[in-house]
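Raw start-v3.cif, mmCIF, N, CA and C atoms and all ligand atoms:
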```
data_run
loop_
_atom_site.label_atom_id
_atom_site.label_comp_id
_atom_site.auth_asym_id
_atom_site.auth_seq_id
_atom_site.Cartn_x
_atom_site.Cartn_y
_atom_site.Cartn_z
N MET A 17 -35.64 -178.91 64.30
CA MET A 17 -36.65 -178.70 63.26
C MET A 17 -37.65 -177.64 63.70
N ASP A 18 -37.87 -176.67 62.85
CA ASP A 18 -38.81 -175.60 63.18
C ASP A 18 -40.21 -175.99 62.73
N ILE A 19 -41.11 -176.09 63.70
CA ILE A 19 -42.49 -176.50 63.40
C ILE A 19 -43.13 -175.58 62.36
N ARG A 20 -42.92 -174.28 62.53
CA ARG A 20 -43.59 -173.33 61.64
C ARG A 20 -43.15 -173.44 60.19
N GLU A 21 -41.94 -174.01 60.00
CA GLU A 21 -41.44 -174.17 58.63
C GLU A 21 -41.80 -175.53 58.05
N ASN A 22 -42.25 -176.45 58.90
CA ASN A 22 -42.49 -177.81 58.44
C ASN A 22 -43.92 -178.31 58.61
N PHE A 23 -44.77 -177.47 59.15
CA PHE A 23 -46.15 -177.91 59.35
C PHE A 23 -47.15 -176.85 58.90
N ILE A 24 -48.11 -177.30 58.11
CA ILE A 24 -49.26 -176.47 57.78
C ILE A 24 -50.48 -177.36 57.96
N CYS A 25 -51.39 -176.97 58.81
CA CYS A 25 -52.58 -177.78 59.06
C CYS A 25 -53.38 -177.96 57.77
N SER A 26 -53.71 -179.21 57.46
CA SER A 26 -54.45 -179.46 56.22
C SER A 26 -55.90 -179.02 56.32
N SER A 27 -56.36 -178.75 57.56
CA SER A 27 -57.74 -178.30 57.72
C SER A 27 -57.88 -176.79 57.73
N CYS A 28 -56.97 -176.11 58.45
CA CYS A 28 -57.16 -174.66 58.60
C CYS A 28 -55.97 -173.83 58.13
N GLY A 29 -54.84 -174.47 57.83
CA GLY A 29 -53.71 -173.71 57.30
C GLY A 29 -52.80 -173.06 58.33
N ARG A 30 -53.09 -173.27 59.63
CA ARG A 30 -52.23 -172.68 60.65
C ARG A 30 -50.96 -173.51 60.82
N LYS A 31 -49.98 -172.93 61.49
CA LYS A 31 -48.67 -173.57 61.60
C LYS A 31 -48.26 -173.88 63.02
N LYS A 32 -49.23 -174.20 63.86
CA LYS A 32 -48.91 -174.50 65.25
C LYS A 32 -49.42 -175.87 65.64
N ILE A 33 -48.54 -176.66 66.28
CA ILE A 33 -48.92 -177.98 66.77
C ILE A 33 -48.90 -177.94 68.29
N GLU A 34 -49.90 -178.51 68.91
CA GLU A 34 -49.85 -178.62 70.36
C GLU A 34 -49.84 -180.08 70.77
N GLU A 35 -49.16 -180.32 71.90
CA GLU A 35 -49.07 -181.66 72.46
C GLU A 35 -50.15 -181.76 73.53
N VAL A 36 -50.97 -182.79 73.47
CA VAL A 36 -52.03 -182.97 74.45
C VAL A 36 -51.66 -184.15 75.34
N ARG A 37 -51.59 -183.87 76.66
CA ARG A 37 -51.24 -184.92 77.62
C ARG A 37 -52.43 -185.26 78.49
N VAL A 38 -52.48 -186.51 78.92
CA VAL A 38 -53.53 -186.96 79.83
C VAL A 38 -52.89 -187.51 81.10
N ASN A 39 -53.71 -187.75 82.09
CA ASN A 39 -53.26 -188.29 83.38
C ASN A 39 -52.19 -187.42 84.04
N VAL A 40 -52.35 -186.10 83.92
CA VAL A 40 -51.43 -185.18 84.56
C VAL A 40 -51.93 -184.89 85.97
N THR A 41 -51.07 -185.04 86.96
CA THR A 41 -51.44 -184.76 88.34
C THR A 41 -50.80 -183.44 88.77
N PHE A 42 -51.61 -182.56 89.38
CA PHE A 42 -51.13 -181.24 89.76
C PHE A 42 -51.15 -181.09 91.28
N HIS A 43 -50.04 -180.58 91.84
CA HIS A 43 -49.92 -180.41 93.28
C HIS A 43 -49.78 -178.93 93.62
N GLN A 44 -50.60 -178.43 94.57
CA GLN A 44 -50.42 -177.05 95.03
C GLN A 44 -50.94 -176.92 96.46
N THR A 45 -50.22 -176.16 97.26
CA THR A 45 -50.59 -175.99 98.67
C THR A 45 -51.79 -175.05 98.80
N ILE A 46 -52.80 -175.45 99.56
CA ILE A 46 -53.93 -174.56 99.83
C ILE A 46 -53.76 -173.98 101.22
N THR A 47 -54.17 -172.70 101.38
CA THR A 47 -53.99 -172.04 102.66
C THR A 47 -55.30 -171.79 103.40
N SER A 48 -56.42 -171.64 102.67
CA SER A 48 -57.71 -171.44 103.36
C SER A 48 -58.88 -171.82 102.47
N ILE A 49 -60.00 -172.11 103.11
CA ILE A 49 -61.24 -172.40 102.40
C ILE A 49 -62.33 -171.52 103.00
N GLU A 50 -63.02 -170.74 102.14
CA GLU A 50 -64.09 -169.86 102.64
C GLU A 50 -65.41 -170.63 102.75
N ASP A 51 -66.39 -169.98 103.41
CA ASP A 51 -67.71 -170.60 103.58
C ASP A 51 -68.35 -170.96 102.25
N ASP A 52 -68.10 -170.10 101.24
CA ASP A 52 -68.73 -170.32 99.93
C ASP A 52 -67.96 -171.31 99.05
N GLY A 53 -66.92 -171.90 99.63
CA GLY A 53 -66.16 -172.88 98.88
C GLY A 53 -64.96 -172.31 98.15
N TYR A 54 -64.77 -170.98 98.21
CA TYR A 54 -63.62 -170.37 97.56
C TYR A 54 -62.33 -170.84 98.24
N VAL A 55 -61.39 -171.28 97.43
CA VAL A 55 -60.13 -171.81 97.97
C VAL A 55 -58.99 -170.85 97.68
N ASP A 56 -58.17 -170.61 98.70
CA ASP A 56 -56.99 -169.77 98.52
C ASP A 56 -55.76 -170.66 98.47
N TYR A 57 -54.89 -170.36 97.50
CA TYR A 57 -53.67 -171.15 97.34
C TYR A 57 -52.45 -170.38 97.82
N ASP A 58 -51.46 -171.08 98.30
CA ASP A 58 -50.21 -170.49 98.75
C ASP A 58 -49.54 -169.73 97.59
N GLU A 59 -49.36 -168.42 97.75
CA GLU A 59 -48.80 -167.59 96.68
C GLU A 59 -47.38 -168.00 96.32
N ASP A 60 -46.68 -168.57 97.28
CA ASP A 60 -45.29 -168.96 97.03
C ASP A 60 -45.17 -170.31 96.34
N ASP A 61 -46.30 -170.99 96.21
CA ASP A 61 -46.28 -172.31 95.58
C ASP A 61 -46.96 -172.25 94.22
N ASN A 62 -46.16 -172.27 93.17
CA ASN A 62 -46.72 -172.23 91.82
C ASN A 62 -47.30 -173.58 91.39
N GLY A 63 -47.10 -174.54 92.23
CA GLY A 63 -47.61 -175.86 91.91
C GLY A 63 -46.61 -176.69 91.13
N THR A 64 -46.72 -177.97 91.28
CA THR A 64 -45.89 -178.87 90.49
C THR A 64 -46.82 -179.87 89.83
N SER A 65 -46.41 -180.36 88.68
CA SER A 65 -47.25 -181.34 88.01
C SER A 65 -46.41 -182.48 87.46
N SER A 66 -47.02 -183.63 87.44
CA SER A 66 -46.38 -184.76 86.77
C SER A 66 -46.61 -184.58 85.28
N LYS A 67 -45.79 -185.18 84.47
CA LYS A 67 -45.91 -184.94 83.04
C LYS A 67 -47.00 -185.74 82.36
N GLY A 68 -47.47 -186.80 83.01
CA GLY A 68 -48.51 -187.60 82.39
C GLY A 68 -48.02 -188.28 81.13
N GLN A 69 -48.95 -188.63 80.26
CA GLN A 69 -48.58 -189.27 79.00
C GLN A 69 -49.14 -188.49 77.82
N VAL A 70 -48.39 -188.53 76.71
CA VAL A 70 -48.88 -187.88 75.50
C VAL A 70 -50.10 -188.65 74.99
N ASP A 71 -51.16 -187.93 74.71
CA ASP A 71 -52.36 -188.55 74.14
C ASP A 71 -52.38 -188.35 72.63
N ARG A 72 -52.03 -187.15 72.19
CA ARG A 72 -52.06 -186.86 70.75
C ARG A 72 -51.36 -185.53 70.47
N TYR A 73 -51.09 -185.34 69.19
CA TYR A 73 -50.59 -184.06 68.70
C TYR A 73 -51.66 -183.52 67.77
N GLN A 74 -51.93 -182.25 67.90
CA GLN A 74 -53.00 -181.68 67.08
C GLN A 74 -52.74 -180.23 66.74
N CYS A 75 -53.45 -179.75 65.73
CA CYS A 75 -53.38 -178.34 65.35
C CYS A 75 -53.88 -177.51 66.52
N GLU A 76 -53.10 -176.51 66.89
CA GLU A 76 -53.49 -175.68 68.03
C GLU A 76 -54.77 -174.89 67.74
N GLU A 77 -54.98 -174.57 66.48
CA GLU A 77 -56.12 -173.73 66.11
C GLU A 77 -57.44 -174.51 66.01
N CYS A 78 -57.45 -175.59 65.22
CA CYS A 78 -58.73 -176.26 64.94
C CYS A 78 -58.85 -177.64 65.57
N GLY A 79 -57.76 -178.13 66.18
CA GLY A 79 -57.83 -179.44 66.84
C GLY A 79 -57.69 -180.62 65.91
N HIS A 80 -57.32 -180.37 64.66
CA HIS A 80 -57.10 -181.46 63.71
C HIS A 80 -55.98 -182.36 64.24
N VAL A 81 -56.29 -183.65 64.45
CA VAL A 81 -55.33 -184.59 65.03
C VAL A 81 -54.43 -185.17 63.95
N LEU A 82 -53.12 -185.24 64.25
CA LEU A 82 -52.16 -185.80 63.31
C LEU A 82 -52.22 -187.32 63.41
N ASP A 83 -52.74 -187.95 62.37
CA ASP A 83 -52.92 -189.40 62.36
C ASP A 83 -51.61 -190.15 62.50
N GLY A 84 -51.59 -191.13 63.39
CA GLY A 84 -50.43 -192.00 63.53
C GLY A 84 -49.27 -191.39 64.29
N VAL A 85 -49.44 -190.18 64.81
CA VAL A 85 -48.36 -189.54 65.56
C VAL A 85 -48.65 -189.68 67.05
N GLU A 86 -47.86 -190.52 67.72
CA GLU A 86 -48.12 -190.80 69.13
C GLU A 86 -46.97 -190.45 70.05
N SER A 87 -45.86 -190.01 69.48
CA SER A 87 -44.72 -189.63 70.30
C SER A 87 -43.96 -188.53 69.58
N ILE A 88 -43.00 -187.94 70.30
CA ILE A 88 -42.24 -186.85 69.70
C ILE A 88 -41.36 -187.40 68.55
N GLU A 89 -40.97 -188.68 68.67
CA GLU A 89 -40.21 -189.31 67.58
C GLU A 89 -41.08 -189.45 66.33
N ASP A 90 -42.34 -189.87 66.56
CA ASP A 90 -43.28 -189.97 65.44
C ASP A 90 -43.47 -188.62 64.78
N LEU A 91 -43.59 -187.59 65.61
CA LEU A 91 -43.83 -186.25 65.09
C LEU A 91 -42.66 -185.79 64.22
N TYR A 92 -41.45 -186.08 64.70
CA TYR A 92 -40.26 -185.69 63.95
C TYR A 92 -40.25 -186.35 62.57
N LYS A 93 -40.54 -187.67 62.57
CA LYS A 93 -40.57 -188.41 61.30
C LYS A 93 -41.66 -187.89 60.38
N TYR A 94 -42.80 -187.63 60.97
CA TYR A 94 -43.96 -187.13 60.22
C TYR A 94 -43.59 -185.84 59.48
N LEU A 95 -42.92 -184.95 60.20
CA LEU A 95 -42.55 -183.66 59.61
C LEU A 95 -41.40 -183.83 58.61
N GLU A 96 -40.46 -184.72 58.98
CA GLU A 96 -39.30 -184.96 58.13
C GLU A 96 -39.72 -185.52 56.77
N GLU A 97 -40.77 -186.35 56.78
CA GLU A 97 -41.25 -186.95 55.54
C GLU A 97 -42.17 -186.01 54.78
N GLY A 98 -42.35 -184.81 55.30
CA GLY A 98 -43.15 -183.82 54.60
C GLY A 98 -44.65 -184.02 54.71
N LYS A 99 -45.07 -184.89 55.66
CA LYS A 99 -46.51 -185.15 55.80
C LYS A 99 -47.25 -183.98 56.45
N GLY A 100 -46.46 -183.10 57.06
CA GLY A 100 -47.10 -181.96 57.71
C GLY A 100 -47.44 -180.83 56.76
N GLU A 101 -47.01 -181.00 55.50
CA GLU A 101 -47.27 -179.93 54.54
C GLU A 101 -48.65 -180.08 53.92
N ASN A 102 -49.26 -178.98 53.69
CA ASN A 102 -50.59 -178.98 53.11
C ASN A 102 -50.55 -179.52 51.67
N PRO A 103 -51.21 -180.65 51.41
CA PRO A 103 -51.18 -181.23 50.06
C PRO A 103 -51.81 -180.35 49.01
N ASP A 104 -52.61 -179.39 49.44
CA ASP A 104 -53.27 -178.50 48.48
C ASP A 104 -52.34 -177.43 47.94
N ASN A 105 -51.22 -177.23 48.63
CA ASN A 105 -50.31 -176.15 48.21
C ASN A 105 -49.26 -176.64 47.21
ZN ZN B 1 -55.96 -176.60 61.97
#
```
Could you express the structure from this file as structure tokens?
Ligand SMILES: [Zn+2]
Amino acid sequence: MDIRENFICSSCGRKKIEEVRVNVTFHQTITSIEDDGYVDYDEDDNGTSSKGQVDRYQCEECGHVLDGVESIEDLYKYLEEGKGENPDN
């Protein structure tokens, strides 16, 4: 399912949904710490992160939260049922 074809934000009209996750843990190797607190990271280590949990889905532009959508399955159903379409159109 293409998000841009199935979602229009009812607040701002944009067609992008973002997934917001919480409790994400990020790991990266540090190589030095300066006197002023500046930290240098290992250039070869892009870092790894745990995926955490989905907190919400929202419009990428204005932050309008999709009510009742708590998982990717919910999001699919929401869009499939046409709830992502702007009722004003
Ligand atoms: Zn919006």
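Taking all atoms listed in the file into account, ligand ZN 1 (chain B) has within 6 Å the residues Cys25, Ser26, Ser27, Cys28, Gly29, Arg30, Cys75, Glu76, Glu77, Cys78, Gly79 and His80 of chain A.
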Item to check | Point-to-point distance from CA of Gly53 in chain A to CA of Thr41 in chain A, Å rounded to tenths | outcome: 21.7 Å
Item to check | From A:Ile24, A:Lys99, A:Thr45, A:Lys31, residue lying nearest Thr64 in chain A [all atoms listed in the file] | outcome: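 With all atoms listed in the file as the atom set, the closest residue is A:Thr45.
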Item to check | Selection: 6.5 Å around range 38-40 of chain A, only N, CA and C atoms, excl. self and same-chain fewer than 5 positions, as a list in words | outcome: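 Residues meeting the cut-off are Ser65, Ser66, Lys67, Gly68, Gln69, Val70 and Asp71 of chain A.
Restricting the calculation to only N, CA and C atoms, the smallest distance between Leu91 in chain A and any of A:Asn62, A:Tyr73, A:Arg37, A:Lys32 is found for A:Tyr73.
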Where's the centre, and what are the edge lengths in Å to one decimal, of a box along x, y and z enclosing all listed atoms of range 54-59 of chain A padded 4 Å per side, as lines of an AutoDock Vina configuration file?
```
center_x = -56.1
center_y = -169.7
center_z = 97.5
size_x = 25.4
size_y = 12.2
size_z = 10.4
```
Next on the checklist: To one decimal place in Å, what is the distance between atom C of Ile33 in chain A and CA of Lys93 in chain A?
Outcome noted: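 Here the two named atoms are 15.1 Å from each other.
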Item to check | Atomic distance CA of Ile46 in chain A - CA of Asp61 in chain A, expressed in Å with one decimal | outcome: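 If I compute the distance from CA of Ile46 in chain A to CA of Asp61 in chain A, I get 9.0 Å.
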Report as a short mmCIF file (atom, residue, chain, number, x, y, z; two decimals) with N, CA and C atoms, in the frame of the given file: the residues of chain A with a DSSP assignment of alpha helix (DSSP H), based on the backbone of this structure.
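Just written: part27.cif:
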```
data_model
loop_
_atom_site.label_atom_id
_atom_site.label_comp_id
_atom_site.auth_asym_id
_atom_site.auth_seq_id
_atom_site.Cartn_x
_atom_site.Cartn_y
_atom_site.Cartn_z
N ILE A 19 -41.11 -176.09 63.70
CA ILE A 19 -42.49 -176.50 63.40
C ILE A 19 -43.13 -175.58 62.36
N ARG A 20 -42.92 -174.28 62.53
CA ARG A 20 -43.59 -173.33 61.64
C ARG A 20 -43.15 -173.44 60.19
N GLU A 21 -41.94 -174.01 60.00
CA GLU A 21 -41.44 -174.17 58.63
C GLU A 21 -41.80 -175.53 58.05
N ASN A 22 -42.25 -176.45 58.90
CA ASN A 22 -42.49 -177.81 58.44
C ASN A 22 -43.92 -178.31 58.61
N ILE A 88 -43.00 -187.94 70.30
CA ILE A 88 -42.24 -186.85 69.70
C ILE A 88 -41.36 -187.40 68.55
N GLU A 89 -40.97 -188.68 68.67
CA GLU A 89 -40.21 -189.31 67.58
C GLU A 89 -41.08 -189.45 66.33
N ASP A 90 -42.34 -189.87 66.56
CA ASP A 90 -43.28 -189.97 65.44
C ASP A 90 -43.47 -188.62 64.78
N LEU A 91 -43.59 -187.59 65.61
CA LEU A 91 -43.83 -186.25 65.09
C LEU A 91 -42.66 -185.79 64.22
N TYR A 92 -41.45 -186.08 64.70
CA TYR A 92 -40.26 -185.69 63.95
C TYR A 92 -40.25 -186.35 62.57
N LYS A 93 -40.54 -187.67 62.57
CA LYS A 93 -40.57 -188.41 61.30
C LYS A 93 -41.66 -187.89 60.38
N TYR A 94 -42.80 -187.63 60.97
CA TYR A 94 -43.96 -187.13 60.22
C TYR A 94 -43.59 -185.84 59.48
N LEU A 95 -42.92 -184.95 60.20
CA LEU A 95 -42.55 -183.66 59.61
C LEU A 95 -41.40 -183.83 58.61
N GLU A 96 -40.46 -184.72 58.98
CA GLU A 96 -39.30 -184.96 58.13
C GLU A 96 -39.72 -185.52 56.77
#
```
Filtered DSSP result for chain A, state strand (DSSP E), as a PDB file with N, CA and C atoms, keeping the file's coordinate frame:
```
ATOM      1  N   ILE A  33     -48.540-176.660  66.280  1.00  0.00           N
ATOM      2  CA  ILE A  33     -48.920-177.980  66.770  1.00  0.00           C
ATOM      3  C   ILE A  33     -48.900-177.940  68.290  1.00  0.00           C
ATOM      4  N   GLU A  34     -49.900-178.510  68.910  1.00  0.00           N
ATOM      5  CA  GLU A  34     -49.850-178.620  70.360  1.00  0.00           C
ATOM      6  C   GLU A  34     -49.840-180.080  70.770  1.00  0.00           C
ATOM      7  N   GLU A  35     -49.160-180.320  71.900  1.00  0.00           N
ATOM      8  CA  GLU A  35     -49.070-181.660  72.460  1.00  0.00           C
ATOM      9  C   GLU A  35     -50.150-181.760  73.530  1.00  0.00           C
ATOM     10  N   VAL A  36     -50.970-182.790  73.470  1.00  0.00           N
ATOM     11  CA  VAL A  36     -52.030-182.970  74.450  1.00  0.00           C
ATOM     12  C   VAL A  36     -51.660-184.150  75.340  1.00  0.00           C
ATOM     13  N   ARG A  37     -51.590-183.870  76.660  1.00  0.00           N
ATOM     14  CA  ARG A  37     -51.240-184.920  77.620  1.00  0.00           C
ATOM     15  C   ARG A  37     -52.430-185.260  78.490  1.00  0.00           C
ATOM     16  N   VAL A  38     -52.480-186.510  78.920  1.00  0.00           N
ATOM     17  CA  VAL A  38     -53.530-186.960  79.830  1.00  0.00           C
ATOM     18  C   VAL A  38     -52.890-187.510  81.100  1.00  0.00           C
ATOM     19  N   PHE A  42     -51.610-182.560  89.380  1.00  0.00           N
ATOM     20  CA  PHE A  42     -51.130-181.240  89.760  1.00  0.00           C
ATOM     21  C   PHE A  42     -51.150-181.090  91.280  1.00  0.00           C
ATOM     22  N   HIS A  43     -50.040-180.580  91.840  1.00  0.00           N
ATOM     23  CA  HIS A  43     -49.920-180.410  93.280  1.00  0.00           C
ATOM     24  C   HIS A  43     -49.780-178.930  93.620  1.00  0.00           C
ATOM     25  N   ILE A  46     -52.800-175.450  99.560  1.00  0.00           N
ATOM     26  CA  ILE A  46     -53.930-174.560  99.830  1.00  0.00           C
ATOM     27  C   ILE A  46     -53.760-173.980 101.220  1.00  0.00           C
ATOM     28  N   THR A  47     -54.170-172.700 101.380  1.00  0.00           N
ATOM     29  CA  THR A  47     -53.990-172.040 102.660  1.00  0.00           C
ATOM     30  C   THR A  47     -55.300-171.790 103.400  1.00  0.00           C
ATOM     31  N   SER A  48     -56.420-171.640 102.670  1.00  0.00           N
ATOM     32  CA  SER A  48     -57.710-171.440 103.360  1.00  0.00           C
ATOM     33  C   SER A  48     -58.880-171.820 102.470  1.00  0.00           C
ATOM     34  N   ILE A  49     -60.000-172.110 103.110  1.00  0.00           N
ATOM     35  CA  ILE A  49     -61.240-172.400 102.400  1.00  0.00           C
ATOM     36  C   ILE A  49     -62.330-171.520 103.000  1.00  0.00           C
ATOM     37  N   VAL A  55     -61.390-171.280  97.430  1.00  0.00           N
ATOM     38  CA  VAL A  55     -60.130-171.810  97.970  1.00  0.00           C
ATOM     39  C   VAL A  55     -58.990-170.850  97.680  1.00  0.00           C
ATOM     40  N   ASP A  56     -58.170-170.610  98.700  1.00  0.00           N
ATOM     41  CA  ASP A  56     -56.990-169.770  98.520  1.00  0.00           C
ATOM     42  C   ASP A  56     -55.760-170.660  98.470  1.00  0.00           C
ATOM     43  N   TYR A  57     -54.890-170.360  97.500  1.00  0.00           N
ATOM     44  CA  TYR A  57     -53.670-171.150  97.340  1.00  0.00           C
ATOM     45  C   TYR A  57     -52.450-170.380  97.820  1.00  0.00           C
ATOM     46  N   THR A  64     -46.720-177.970  91.280  1.00  0.00           N
ATOM     47  CA  THR A  64     -45.890-178.870  90.490  1.00  0.00           C
ATOM     48  C   THR A  64     -46.820-179.870  89.830  1.00  0.00           C
ATOM     49  N   SER A  65     -46.410-180.360  88.680  1.00  0.00           N
ATOM     50  CA  SER A  65     -47.250-181.340  88.010  1.00  0.00           C
ATOM     51  C   SER A  65     -46.410-182.480  87.460  1.00  0.00           C
ATOM     52  N   GLN A  69     -48.950-188.630  80.260  1.00  0.00           N
ATOM     53  CA  GLN A  69     -48.580-189.270  79.000  1.00  0.00           C
ATOM     54  C   GLN A  69     -49.140-188.490  77.820  1.00  0.00           C
ATOM     55  N   VAL A  70     -48.390-188.530  76.710  1.00  0.00           N
ATOM     56  CA  VAL A  70     -48.880-187.880  75.500  1.00  0.00           C
ATOM     57  C   VAL A  70     -50.100-188.650  74.990  1.00  0.00           C
ATOM     58  N   ASP A  71     -51.160-187.930  74.710  1.00  0.00           N
ATOM     59  CA  ASP A  71     -52.360-188.550  74.140  1.00  0.00           C
ATOM     60  C   ASP A  71     -52.380-188.350  72.630  1.00  0.00           C
ATOM     61  N   ARG A  72     -52.030-187.150  72.190  1.00  0.00           N
ATOM     62  CA  ARG A  72     -52.060-186.860  70.750  1.00  0.00           C
ATOM     63  C   ARG A  72     -51.360-185.530  70.470  1.00  0.00           C
ATOM     64  N   TYR A  73     -51.090-185.340  69.190  1.00  0.00           N
ATOM     65  CA  TYR A  73     -50.590-184.060  68.700  1.00  0.00           C
ATOM     66  C   TYR A  73     -51.660-183.520  67.770  1.00  0.00           C
ATOM     67  N   GLN A  74     -51.930-182.250  67.900  1.00  0.00           N
ATOM     68  CA  GLN A  74     -53.000-181.680  67.080  1.00  0.00           C
ATOM     69  C   GLN A  74     -52.740-180.230  66.740  1.00  0.00           C
ATOM     70  N   CYS A  75     -53.450-179.750  65.730  1.00  0.00           N
ATOM     71  CA  CYS A  75     -53.380-178.340  65.350  1.00  0.00           C
ATOM     72  C   CYS A  75     -53.880-177.510  66.520  1.00  0.00           C
TER      73      CYS A  75
END
```
